[in-house]
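**Q** Got a file for you: start.txt, compact mmCIF, C-alpha atoms.
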```
# COMPACT_ATOMS: atom_id res chain seq x y z
CA MET A 1 3.19 -5.42 -39.34
CA ALA A 2 -0.08 -3.53 -39.09
CA LYS A 3 -0.06 -0.06 -40.61
CA ILE A 4 -1.92 3.02 -39.45
CA SER A 5 -2.33 6.39 -41.08
CA VAL A 6 -1.30 9.58 -39.33
CA ASN A 7 -0.85 13.18 -40.31
CA ILE A 8 2.35 14.96 -39.33
CA ASP A 9 2.91 18.58 -40.36
CA GLU A 10 0.14 18.37 -43.00
CA LYS A 11 1.73 15.25 -44.52
CA ASN A 12 -0.25 11.99 -44.63
CA LEU A 13 1.91 9.03 -43.64
CA GLU A 14 1.43 5.29 -43.39
CA VAL A 15 3.39 4.04 -40.41
CA GLU A 16 3.87 0.89 -38.38
CA VAL A 17 2.14 0.63 -35.01
CA GLY A 18 4.14 0.51 -31.80
CA LYS A 19 6.60 3.24 -32.70
CA THR A 20 7.01 6.53 -30.90
CA ILE A 21 6.19 9.83 -32.59
CA LEU A 22 9.90 10.68 -32.56
CA GLU A 23 10.89 7.48 -34.37
CA VAL A 24 8.23 8.06 -37.03
CA CYS A 25 9.31 11.66 -37.53
CA ARG A 26 12.99 10.78 -37.83
CA GLU A 27 12.23 7.99 -40.33
CA ASN A 28 10.25 10.41 -42.47
CA GLY A 29 12.77 13.20 -42.43
CA ILE A 30 10.86 15.47 -40.06
CA GLU A 31 13.34 17.20 -37.80
CA ILE A 32 12.65 17.15 -34.06
CA LEU A 33 15.07 18.68 -31.57
CA THR A 34 16.22 16.40 -28.76
CA MET A 35 18.87 16.34 -26.07
CA CYS A 36 18.07 13.39 -23.81
CA HIS A 37 17.23 10.95 -26.61
CA LEU A 38 19.85 8.50 -27.81
CA LYS A 39 18.73 5.90 -30.33
CA GLY A 40 18.85 2.45 -28.79
CA ILE A 41 18.55 3.32 -25.12
CA SER A 42 15.29 3.96 -23.27
CA ASP A 43 13.59 7.35 -23.37
CA VAL A 44 12.67 9.35 -20.29
CA GLY A 45 11.35 12.62 -21.73
CA ALA A 46 13.66 14.72 -19.58
CA CYS A 47 14.74 17.54 -21.89
CA ARG A 48 11.25 18.59 -23.07
CA LEU A 49 12.61 19.68 -26.44
CA CYS A 50 10.70 17.14 -28.51
CA LEU A 51 7.29 18.47 -27.47
CA VAL A 52 4.67 18.21 -30.22
CA GLU A 53 1.09 19.37 -30.60
CA ILE A 54 -1.51 16.67 -31.11
CA GLU A 55 -4.98 17.68 -32.17
CA GLY A 56 -7.54 16.90 -29.47
CA VAL A 57 -4.92 16.88 -26.68
CA ASN A 58 -4.84 20.15 -24.79
CA LYS A 59 -1.21 19.91 -23.67
CA LEU A 60 2.06 19.37 -25.46
CA LEU A 61 3.38 15.82 -25.35
CA SER A 62 6.96 14.65 -25.67
CA ALA A 63 7.47 12.86 -28.98
CA CYS A 64 10.04 10.45 -27.56
CA THR A 65 7.72 8.91 -24.95
CA THR A 66 4.37 9.09 -26.79
CA LYS A 67 3.44 6.11 -28.95
CA ILE A 68 1.91 6.85 -32.31
CA ALA A 69 -1.79 6.03 -32.68
CA ALA A 70 -4.15 5.83 -35.63
CA ASN A 71 -5.48 9.10 -37.09
CA MET A 72 -3.27 11.32 -34.94
CA ILE A 73 -2.87 14.81 -36.33
CA ILE A 74 0.54 16.02 -35.14
CA ARG A 75 2.21 19.39 -35.57
CA THR A 76 5.90 19.77 -34.81
CA LYS A 77 6.73 23.29 -36.01
CA THR A 78 4.07 25.64 -34.68
CA GLU A 79 4.91 29.04 -33.22
CA LYS A 80 4.04 27.76 -29.73
CA ILE A 81 6.46 24.85 -29.99
CA LYS A 82 9.21 27.08 -31.34
CA ARG A 83 8.68 29.47 -28.43
CA TYR A 84 8.83 26.60 -25.93
CA GLN A 85 11.99 25.19 -27.50
CA ARG A 86 13.67 28.55 -27.23
CA ILE A 87 12.64 28.87 -23.56
CA THR A 88 13.92 25.37 -22.85
CA SER A 89 17.29 26.03 -24.44
CA GLU A 90 17.61 29.33 -22.57
CA LEU A 91 16.91 27.53 -19.31
CA PHE A 92 19.63 25.00 -20.10
CA PHE A 93 22.14 27.82 -20.51
CA ALA A 94 20.87 29.80 -17.52
CA GLU A 95 21.40 27.01 -15.01
CA ARG A 96 25.08 26.07 -15.02
CA ASN A 97 28.32 27.48 -16.35
CA HIS A 98 28.00 26.78 -20.07
CA VAL A 99 30.91 28.89 -21.25
CA CYS A 100 31.72 27.61 -24.75
CA SER A 101 35.01 29.44 -25.23
CA VAL A 102 36.83 27.37 -22.61
CA CYS A 103 34.97 24.08 -23.18
CA VAL A 104 36.51 20.94 -24.65
CA ALA A 105 33.33 20.32 -26.67
CA ASN A 106 33.35 23.77 -28.32
CA GLY A 107 32.17 23.36 -31.91
CA LYS A 108 31.06 19.75 -31.41
CA CYS A 109 28.53 20.24 -28.65
CA ASP A 110 24.85 19.32 -28.98
CA LEU A 111 23.88 22.07 -26.56
CA GLN A 112 25.71 24.67 -28.60
CA LYS A 113 24.01 23.41 -31.79
CA LEU A 114 20.67 23.61 -29.98
CA GLY A 115 21.30 27.27 -29.20
CA TYR A 116 21.87 27.99 -32.89
CA LYS A 117 18.85 25.97 -33.98
CA THR A 118 16.45 27.68 -31.62
CA GLU A 119 17.94 31.05 -32.69
CA MET A 120 18.82 31.89 -29.12
CA ASP A 121 20.56 35.28 -29.20
CA HIS A 122 20.33 36.12 -25.52
CA ILE A 123 19.06 34.60 -22.27
CA ARG A 124 16.13 36.25 -20.56
CA TYR A 125 16.51 34.42 -17.25
CA PRO A 126 18.93 35.12 -14.40
CA TYR A 127 21.97 32.85 -14.42
CA LEU A 128 21.99 30.48 -11.45
CA PHE A 129 25.61 29.28 -11.62
CA PRO A 130 25.42 26.81 -8.70
CA GLU A 131 28.70 25.78 -7.14
CA CYS A 132 29.65 22.60 -8.95
CA GLU A 133 32.64 20.35 -8.61
CA VAL A 134 34.91 18.98 -11.29
CA ASP A 135 35.68 15.32 -10.65
CA THR A 136 39.11 14.47 -12.03
CA SER A 137 39.66 11.38 -9.87
CA HIS A 138 39.26 8.89 -12.72
CA PRO A 139 42.57 8.05 -14.42
CA TRP A 140 41.21 8.58 -17.95
CA TYR A 141 38.09 10.71 -17.78
CA VAL A 142 36.80 13.92 -16.23
CA LEU A 143 33.29 14.74 -15.04
CA ASP A 144 32.56 18.47 -15.02
CA HIS A 145 29.19 19.09 -13.35
CA ASN A 146 29.20 22.68 -14.62
CA ARG A 147 28.56 21.51 -18.16
CA CYS A 148 26.00 18.84 -17.30
CA ILE A 149 22.40 19.37 -18.41
CA MET A 150 20.95 16.37 -16.52
CA CYS A 151 19.85 14.55 -19.69
CA THR A 152 20.79 11.29 -17.88
CA ARG A 153 22.08 9.71 -21.08
CA CYS A 154 25.22 8.56 -19.22
CA VAL A 155 23.04 7.01 -16.49
CA ARG A 156 20.99 5.02 -19.00
CA VAL A 157 23.91 3.98 -21.16
CA CYS A 158 25.79 2.72 -18.11
CA ALA A 159 22.79 0.77 -16.81
CA GLU A 160 21.32 -0.53 -20.06
CA VAL A 161 24.28 -1.08 -22.34
CA GLU A 162 27.25 -1.62 -20.05
CA GLY A 163 25.14 -2.96 -17.17
CA ALA A 164 27.46 -1.43 -14.60
CA HIS A 165 24.98 0.99 -12.97
CA ASN A 166 27.80 3.29 -11.97
CA TRP A 167 25.84 6.49 -12.54
CA ASN A 168 22.68 7.83 -11.02
CA VAL A 169 21.15 11.13 -10.01
CA MET A 170 21.13 12.46 -6.47
CA ASN A 171 19.00 15.13 -4.74
CA ARG A 172 16.39 17.08 -6.61
CA GLY A 173 15.55 20.54 -7.89
CA ASN A 174 18.60 22.65 -8.65
CA LYS A 175 20.71 20.51 -6.31
CA VAL A 176 20.61 17.50 -8.63
CA ARG A 177 23.96 16.03 -9.51
CA ILE A 178 25.16 12.99 -11.40
CA ILE A 179 26.81 10.62 -8.92
CA SER A 180 28.84 7.45 -9.12
CA ASP A 181 28.18 4.83 -6.44
CA PHE A 182 27.59 6.44 -3.03
CA ASN A 183 28.51 9.90 -4.29
CA THR A 184 32.10 8.65 -4.21
CA PRO A 185 34.71 10.16 -6.53
CA TRP A 186 34.54 8.51 -9.96
CA GLY A 187 38.06 7.14 -9.64
CA GLU A 188 37.15 5.27 -6.44
CA SER A 189 33.94 3.79 -7.84
CA GLU A 190 33.61 0.03 -7.39
CA THR A 191 31.11 -0.44 -10.21
CA CYS A 192 32.71 1.60 -13.00
CA THR A 193 34.35 -0.55 -15.67
CA SER A 194 36.02 2.44 -17.37
CA CYS A 195 34.35 1.42 -20.64
CA GLY A 196 33.91 5.02 -21.77
CA LYS A 197 30.36 4.71 -23.10
CA CYS A 198 29.15 7.60 -20.93
CA VAL A 199 31.87 9.76 -22.48
CA HIS A 200 30.39 9.18 -25.93
CA ALA A 201 26.77 9.39 -24.74
CA CYS A 202 27.21 12.80 -23.11
CA PRO A 203 25.81 15.49 -25.46
CA THR A 204 27.89 18.29 -23.93
CA GLY A 205 31.40 18.65 -22.53
CA ALA A 206 30.43 17.32 -19.10
CA ILE A 207 32.23 13.98 -19.47
CA TRP A 208 35.41 13.94 -21.49
CA PRO A 209 38.69 12.08 -21.77
CA LYS A 210 41.72 13.62 -20.11
CA ALA A 211 44.58 15.15 -22.11
CA ILE A 212 42.24 17.03 -24.40
CA VAL A 213 42.22 20.77 -24.85
CA GLN A 214 39.57 23.30 -25.79
CA GLY A 215 37.51 22.34 -28.82
CA GLN A 216 39.33 19.03 -29.35
CA LEU A 217 36.65 16.65 -28.15
CA GLU A 218 35.36 14.01 -30.57
CA LYS A 219 32.22 12.18 -29.48
CA LYS A 220 30.58 9.29 -31.28
CA PRO A 221 27.14 8.67 -29.77
CA GLU A 222 26.16 6.79 -32.96
CA MET A 223 28.74 4.19 -31.89
CA ILE A 224 26.49 3.26 -28.96
CA THR A 225 23.44 2.94 -31.23
CA GLU A 226 25.45 0.74 -33.57
CA LEU A 227 26.61 -1.43 -30.68
CA ILE A 228 23.04 -1.97 -29.49
CA GLU A 229 21.82 -2.84 -32.99
CA LYS A 230 24.64 -5.31 -33.54
CA ARG A 231 23.89 -6.99 -30.23
CA LYS A 232 20.26 -7.41 -31.31
CA MET A 233 21.42 -8.97 -34.60
CA ASN A 234 23.51 -11.51 -32.72
CA LEU A 235 20.47 -12.57 -30.71
CA MET B 236 16.90 6.77 20.59
CA LYS B 237 20.66 6.34 20.25
CA THR B 238 22.45 7.82 17.30
CA GLU B 239 26.18 7.41 17.84
CA THR B 240 28.12 7.03 14.64
CA LEU B 241 29.12 3.54 13.64
CA THR B 242 32.62 3.14 12.43
CA SER B 243 33.59 -0.34 11.35
CA ASP B 244 31.81 -3.39 9.96
CA ALA B 245 32.65 -5.20 13.19
CA ASP B 246 30.58 -2.63 15.07
CA LEU B 247 27.81 -3.17 12.57
CA ALA B 248 27.67 -6.93 13.10
CA LYS B 249 27.39 -6.42 16.86
CA ASP B 250 24.64 -3.85 16.55
CA PRO B 251 21.20 -5.20 17.55
CA ARG B 252 19.51 -2.69 15.26
CA ILE B 253 20.97 -4.37 12.21
CA LYS B 254 18.91 -7.44 13.12
CA LEU B 255 15.75 -5.39 12.69
CA ILE B 256 16.87 -4.46 9.20
CA SER B 257 17.94 -7.94 8.17
CA ALA B 258 14.62 -9.31 9.48
CA LYS B 259 12.80 -6.76 7.32
CA ILE B 260 14.93 -7.70 4.30
CA LYS B 261 14.09 -11.37 4.81
CA LYS B 262 10.41 -10.56 5.22
CA GLU B 263 10.52 -8.72 1.89
CA ASN B 264 12.22 -11.73 0.32
CA PHE B 265 15.34 -9.75 -0.71
CA LYS B 266 13.25 -7.98 -3.36
CA PRO B 267 15.04 -4.91 -4.73
CA ASP B 268 11.62 -3.23 -5.08
CA ALA B 269 11.28 -3.20 -1.30
CA LEU B 270 14.18 -0.75 -0.98
CA ILE B 271 12.04 2.13 0.30
CA GLU B 272 10.31 0.00 2.96
CA ILE B 273 13.67 -1.31 4.15
CA LEU B 274 15.14 2.19 4.25
CA HIS B 275 12.15 3.22 6.37
CA THR B 276 12.96 0.45 8.84
CA ALA B 277 16.60 1.51 8.95
CA GLN B 278 15.75 5.17 9.39
CA ASN B 279 13.38 4.32 12.25
CA ALA B 280 16.01 2.13 13.92
CA TYR B 281 18.87 4.64 13.70
CA GLY B 282 17.13 7.99 13.36
CA TYR B 283 19.14 8.48 10.19
CA LEU B 284 20.91 6.33 7.59
CA PRO B 285 24.59 5.70 8.42
CA MET B 286 26.77 4.96 5.38
CA ASN B 287 27.70 1.41 6.38
CA VAL B 288 24.05 0.53 6.96
CA LEU B 289 23.36 1.74 3.42
CA LYS B 290 26.21 -0.42 2.18
CA TYR B 291 24.79 -3.40 4.06
CA ILE B 292 21.33 -2.90 2.49
CA THR B 293 22.87 -2.44 -0.96
CA LYS B 294 24.75 -5.70 -0.64
CA GLN B 295 21.77 -7.65 0.67
CA LEU B 296 19.42 -6.46 -2.07
CA HIS B 297 22.01 -6.72 -4.85
CA LEU B 298 21.30 -3.17 -5.93
CA PRO B 299 23.69 -0.73 -7.58
CA PRO B 300 25.03 1.64 -4.88
CA SER B 301 24.11 4.69 -6.96
CA ARG B 302 20.45 3.59 -7.04
CA VAL B 303 20.29 3.37 -3.25
CA TYR B 304 22.02 6.71 -2.81
CA SER B 305 19.76 8.43 -5.31
CA THR B 306 16.64 7.07 -3.57
CA VAL B 307 17.90 8.23 -0.18
CA THR B 308 18.70 11.73 -1.40
CA PHE B 309 15.47 12.09 -3.37
CA TYR B 310 13.09 11.70 -0.43
CA HIS B 311 13.29 14.33 2.31
CA PHE B 312 12.18 11.74 4.88
CA PHE B 313 15.54 10.01 4.66
CA SER B 314 18.57 11.62 6.21
CA LEU B 315 22.25 10.78 5.85
CA LYS B 316 23.21 12.87 8.85
CA SER B 317 22.19 12.34 12.44
CA LYS B 318 19.23 14.53 13.34
CA GLY B 319 20.19 14.57 17.03
CA ASP B 320 18.94 12.60 20.08
CA HIS B 321 16.13 15.11 20.47
CA THR B 322 14.56 16.79 17.50
CA CYS B 323 12.69 20.05 17.51
CA LEU B 324 10.72 20.78 14.35
CA VAL B 325 9.30 24.27 14.04
CA CYS B 326 6.45 24.72 11.59
CA THR B 327 6.97 27.76 9.36
CA GLY B 328 3.73 27.48 7.41
CA THR B 329 1.72 30.64 6.77
CA ALA B 330 -0.42 30.41 9.93
CA CYS B 331 2.51 29.55 12.21
CA TYR B 332 4.65 32.22 10.58
CA VAL B 333 2.03 34.89 11.25
CA LYS B 334 1.69 33.67 14.84
CA GLY B 335 5.44 34.03 15.47
CA ALA B 336 7.36 30.92 14.32
CA GLN B 337 10.33 33.16 13.49
CA ALA B 338 10.49 34.45 17.09
CA ILE B 339 10.69 30.84 18.29
CA LEU B 340 13.52 30.09 15.87
CA ASN B 341 15.35 33.26 16.89
CA GLU B 342 15.08 32.35 20.57
CA ILE B 343 16.32 28.81 19.90
CA GLU B 344 19.23 30.20 17.93
CA LYS B 345 20.06 32.58 20.78
CA GLN B 346 19.87 29.87 23.48
CA PHE B 347 21.47 26.92 21.70
CA SER B 348 23.28 28.69 18.80
CA LEU B 349 21.55 26.38 16.34
CA LYS B 350 20.13 27.24 12.96
CA PRO B 351 17.50 25.07 11.26
CA GLY B 352 19.11 21.91 9.88
CA GLN B 353 21.93 21.95 12.45
CA VAL B 354 22.71 19.58 15.30
CA THR B 355 24.59 20.45 18.50
CA ALA B 356 28.19 19.25 18.76
CA ASP B 357 27.23 16.69 21.44
CA ASN B 358 24.43 15.40 19.14
CA LYS B 359 21.82 16.07 21.86
CA LEU B 360 19.58 18.44 19.93
CA GLY B 361 18.68 19.01 16.30
CA ILE B 362 16.55 21.83 14.90
CA SER B 363 14.59 21.63 11.69
CA VAL B 364 11.77 23.48 10.01
CA ALA B 365 8.79 22.30 7.97
CA ARG B 366 6.78 24.22 5.41
CA CYS B 367 3.51 23.15 7.04
CA ILE B 368 2.69 20.26 9.32
CA GLY B 369 -1.03 20.58 8.61
CA ALA B 370 -1.97 21.76 12.09
CA CYS B 371 -2.68 25.39 11.28
CA GLY B 372 -5.41 25.60 13.97
CA LEU B 373 -2.67 24.98 16.55
CA ALA B 374 -0.42 27.78 15.29
CA PRO B 375 2.34 28.34 16.15
CA ALA B 376 3.06 24.59 16.31
CA VAL B 377 6.28 22.83 17.24
CA VAL B 378 6.99 19.09 17.12
CA LEU B 379 9.33 18.08 19.93
CA ASP B 380 10.35 14.40 19.69
CA ASP B 381 7.15 13.35 17.86
CA GLU B 382 4.96 15.29 20.30
CA VAL B 383 2.98 18.14 18.74
CA LEU B 384 2.95 21.22 20.94
CA ALA B 385 0.19 23.74 20.17
CA LYS B 386 0.06 27.52 20.51
CA VAL B 387 3.52 27.71 22.01
CA ASN B 388 5.70 30.67 22.85
CA ALA B 389 9.47 30.91 22.57
CA GLU B 390 10.22 30.75 26.30
CA GLU B 391 8.04 27.69 26.83
CA ILE B 392 9.79 25.82 24.04
CA VAL B 393 13.28 26.63 25.31
CA ASN B 394 12.30 25.35 28.78
CA LYS B 395 10.87 22.13 27.34
CA ILE B 396 13.98 21.52 25.25
CA ASN B 397 16.20 22.11 28.30
CA ALA B 398 14.10 19.64 30.30
CA LYS B 399 14.48 17.02 27.53
CA ILE B 400 18.23 17.46 27.39
CA VAL B 401 18.58 17.17 31.17
CA GLU B 402 16.33 14.09 31.17
CA SER B 403 18.67 12.17 28.91
```
The structure in this file should be written as structure tokens.
**A**
Amino acid sequence: MAKISVNIDEKNLEVEVGKTILEVCRENGIEILTMCHLKGISDVGACRLCLVEIEGVNKLLSACTTKIAANMIIRTKTEKIKRYQRITSELFFAERNHVCSVCVANGKCDLQKLGYKTEMDHIRYPYLFPECEVDTSHPWYVLDHNRCIMCTRCVRVCAEVEGAHNWNVMNRGNKVRIISDFNTPWGESETCTSCGKCVHACPTGAIWPKAIVQGQLEKKPEMITELIEKRKMNL
Amino acid sequence: MKTETLTSDADLAKDPRIKLISAKIKKENFKPDALIEILHTAQNAYGYLPMNVLKYITKQLHLPPSRVYSTVTFYHFFSLKSKGDHTCLVCTGTACYVKGAQAILNEIEKQFSLKPGQVTADNKLGISVARCIGACGLAPAVVLDDEVLAKVNAEEIVNKINAKIVES
């Protein structure tokens, strides 16, 4: 495989072509915050947390959707990026009802960890708190729209790994919601196979198995990555 | 334009408008990529997209239902609810607003007790608003059943709407 040299955070690296900036950073121990990325499934650049500065490009680019190129000089920890990450995480919390104390994912939530990492001590934006439903129609799982951050990991896992295409996104702007089939209750969906991959892909407490109480949720997103890699090995 | 709600699949099979859609689907070779074009045909045939028509299209194109629904709800052109036999679109762009678009809407609300986005109980009339229809020189502009009316006043519009309703 052809190698190219790049510079990330003042470190010179020799990397393989065809990889994204995010992959290269993760392989070389450079931390990049993400919410919508899940190793193995496609990237959409929805969460805007992995923004990086590239010299010669006058806007920030998302590391997960930008392919690495020769002689790129990339910075991942500048003051500007830190400020943007903090704004992004505040906007996540300002939109829906992310109340940790009553959430099943409390203590194990990626969104909560993001808040700590970006040193978010308060939220400068007005809370929107749109009226969201809680879909408990599925016999095993619950979908709580209040805790959803629209990362669409469940949508992609369902389409790309399970191949069921149960999930998608409806409307736009602050009316966006995750839907199953024709906006039918999850329990009445004709495409859902109840495989539970979306439950593990969800980074927050938006999708969770029933009969679980506050702070008891255990999610294993790495299980999905493992599954994808093992499938590739079989091929 | 008829917009009565369809209820069963038997009704659907009898409907001549479904032939328009299935012809379009065949013309597009059952390609899932042609979803938007086919939805356009359906919307033009029905005035909106009834649920069982969506289900029919989904089945024919072998698409996941959620994909079809997300496409329909993403574009403002598509509507899941009937817009009414007659539609009255009031432009509320800057020029029309200054020239009294709000007075027109108020008068319509007074006469027909309809707010923008609503349809009368008998499905005869639907009111909607647009940010700008790009006819600022004609302000205030109203589009009544695809006919652009220029420099209108509230009274005039109410009379025209009444005439349309009586006509049908």
**Q** Out of A:Ser42, A:Thr20, A:Ser5, A:Thr118, which residue has the shortest atom-to-atom distance to Thr225 (chain A) when counting only C-alpha atoms?
**A**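 Smallest separation from Thr225 (chain A) among the options: A:Ser42.
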**Q** Residues of chain B within 12 Å of chain A, using all atoms listed in the file, as a tab-separated table (two decimals) with C-alpha atoms, in the frame of the given file?
**A**
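Generated output (part10.tsv):
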```tsv
chain	number	residue	atom	x	y	z
B	285	PRO	CA	24.59	5.70	8.42
B	286	MET	CA	26.77	4.96	5.38
B	287	ASN	CA	27.70	1.41	6.38
B	289	LEU	CA	23.36	1.74	3.42
B	290	LYS	CA	26.21	-0.42	2.18
B	293	THR	CA	22.87	-2.44	-0.96
B	297	HIS	CA	22.01	-6.72	-4.85
B	298	LEU	CA	21.30	-3.17	-5.93
B	299	PRO	CA	23.69	-0.73	-7.58
B	300	PRO	CA	25.03	1.64	-4.88
B	301	SER	CA	24.11	4.69	-6.96
B	302	ARG	CA	20.45	3.59	-7.04
B	303	VAL	CA	20.29	3.37	-3.25
B	304	TYR	CA	22.02	6.71	-2.81
B	305	SER	CA	19.76	8.43	-5.31
B	306	THR	CA	16.64	7.07	-3.57
B	307	VAL	CA	17.90	8.23	-0.18
B	308	THR	CA	18.70	11.73	-1.40
B	309	PHE	CA	15.47	12.09	-3.37
B	310	TYR	CA	13.09	11.70	-0.43
B	311	HIS	CA	13.29	14.33	2.31
B	313	PHE	CA	15.54	10.01	4.66
B	314	SER	CA	18.57	11.62	6.21
B	315	LEU	CA	22.25	10.78	5.85
```
**Q** Can you tell me how far CA of Ile123 (chain A) sits from CA of Leu111 (chain A), in Å to one decimal?
**A**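 Value for the CA of Ile123 (chain A)-CA of Leu111 (chain A) distance: 14.1 Å.
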**Q** Provide an axis-aligned box for all listed atoms of region 382-401 of chain B, padding each side by 6 Å; report its centre and its edge lengths in Å to one decimal, as lines of an AutoDock Vina configuration file.
**A**
```
center_x = 9.3
center_y = 23.1
center_z = 25.0
size_x = 30.5
size_y = 27.6
size_z = 24.4
```
**Q** Just want the 10 Å neighbourhood of region 101-106 of chain A, counted on all atoms listed in the file, with same-chain residues fewer than 6 positions away dropped. Output as an mmCIF file with C-alpha atoms, keeping the file's coordinate frame.
**A**
```cif
data_model
loop_
_atom_site.group_PDB
_atom_site.id
_atom_site.type_symbol
_atom_site.label_atom_id
_atom_site.label_comp_id
_atom_site.auth_asym_id
_atom_site.auth_seq_id
_atom_site.Cartn_x
_atom_site.Cartn_y
_atom_site.Cartn_z
ATOM 1 C CA GLN A 112 25.710 24.670 -28.600
ATOM 2 C CA LYS A 113 24.010 23.410 -31.790
ATOM 3 C CA ARG A 147 28.560 21.510 -18.160
ATOM 4 C CA PRO A 203 25.810 15.490 -25.460
ATOM 5 C CA THR A 204 27.890 18.290 -23.930
ATOM 6 C CA GLY A 205 31.400 18.650 -22.530
ATOM 7 C CA ALA A 206 30.430 17.320 -19.100
ATOM 8 C CA ILE A 207 32.230 13.980 -19.470
ATOM 9 C CA TRP A 208 35.410 13.940 -21.490
ATOM 10 C CA PRO A 209 38.690 12.080 -21.770
ATOM 11 C CA ILE A 212 42.240 17.030 -24.400
ATOM 12 C CA VAL A 213 42.220 20.770 -24.850
ATOM 13 C CA GLN A 214 39.570 23.300 -25.790
ATOM 14 C CA GLY A 215 37.510 22.340 -28.820
ATOM 15 C CA GLN A 216 39.330 19.030 -29.350
ATOM 16 C CA LEU A 217 36.650 16.650 -28.150
ATOM 17 C CA GLU A 218 35.360 14.010 -30.570
ATOM 18 C CA LYS A 219 32.220 12.180 -29.480
#
```
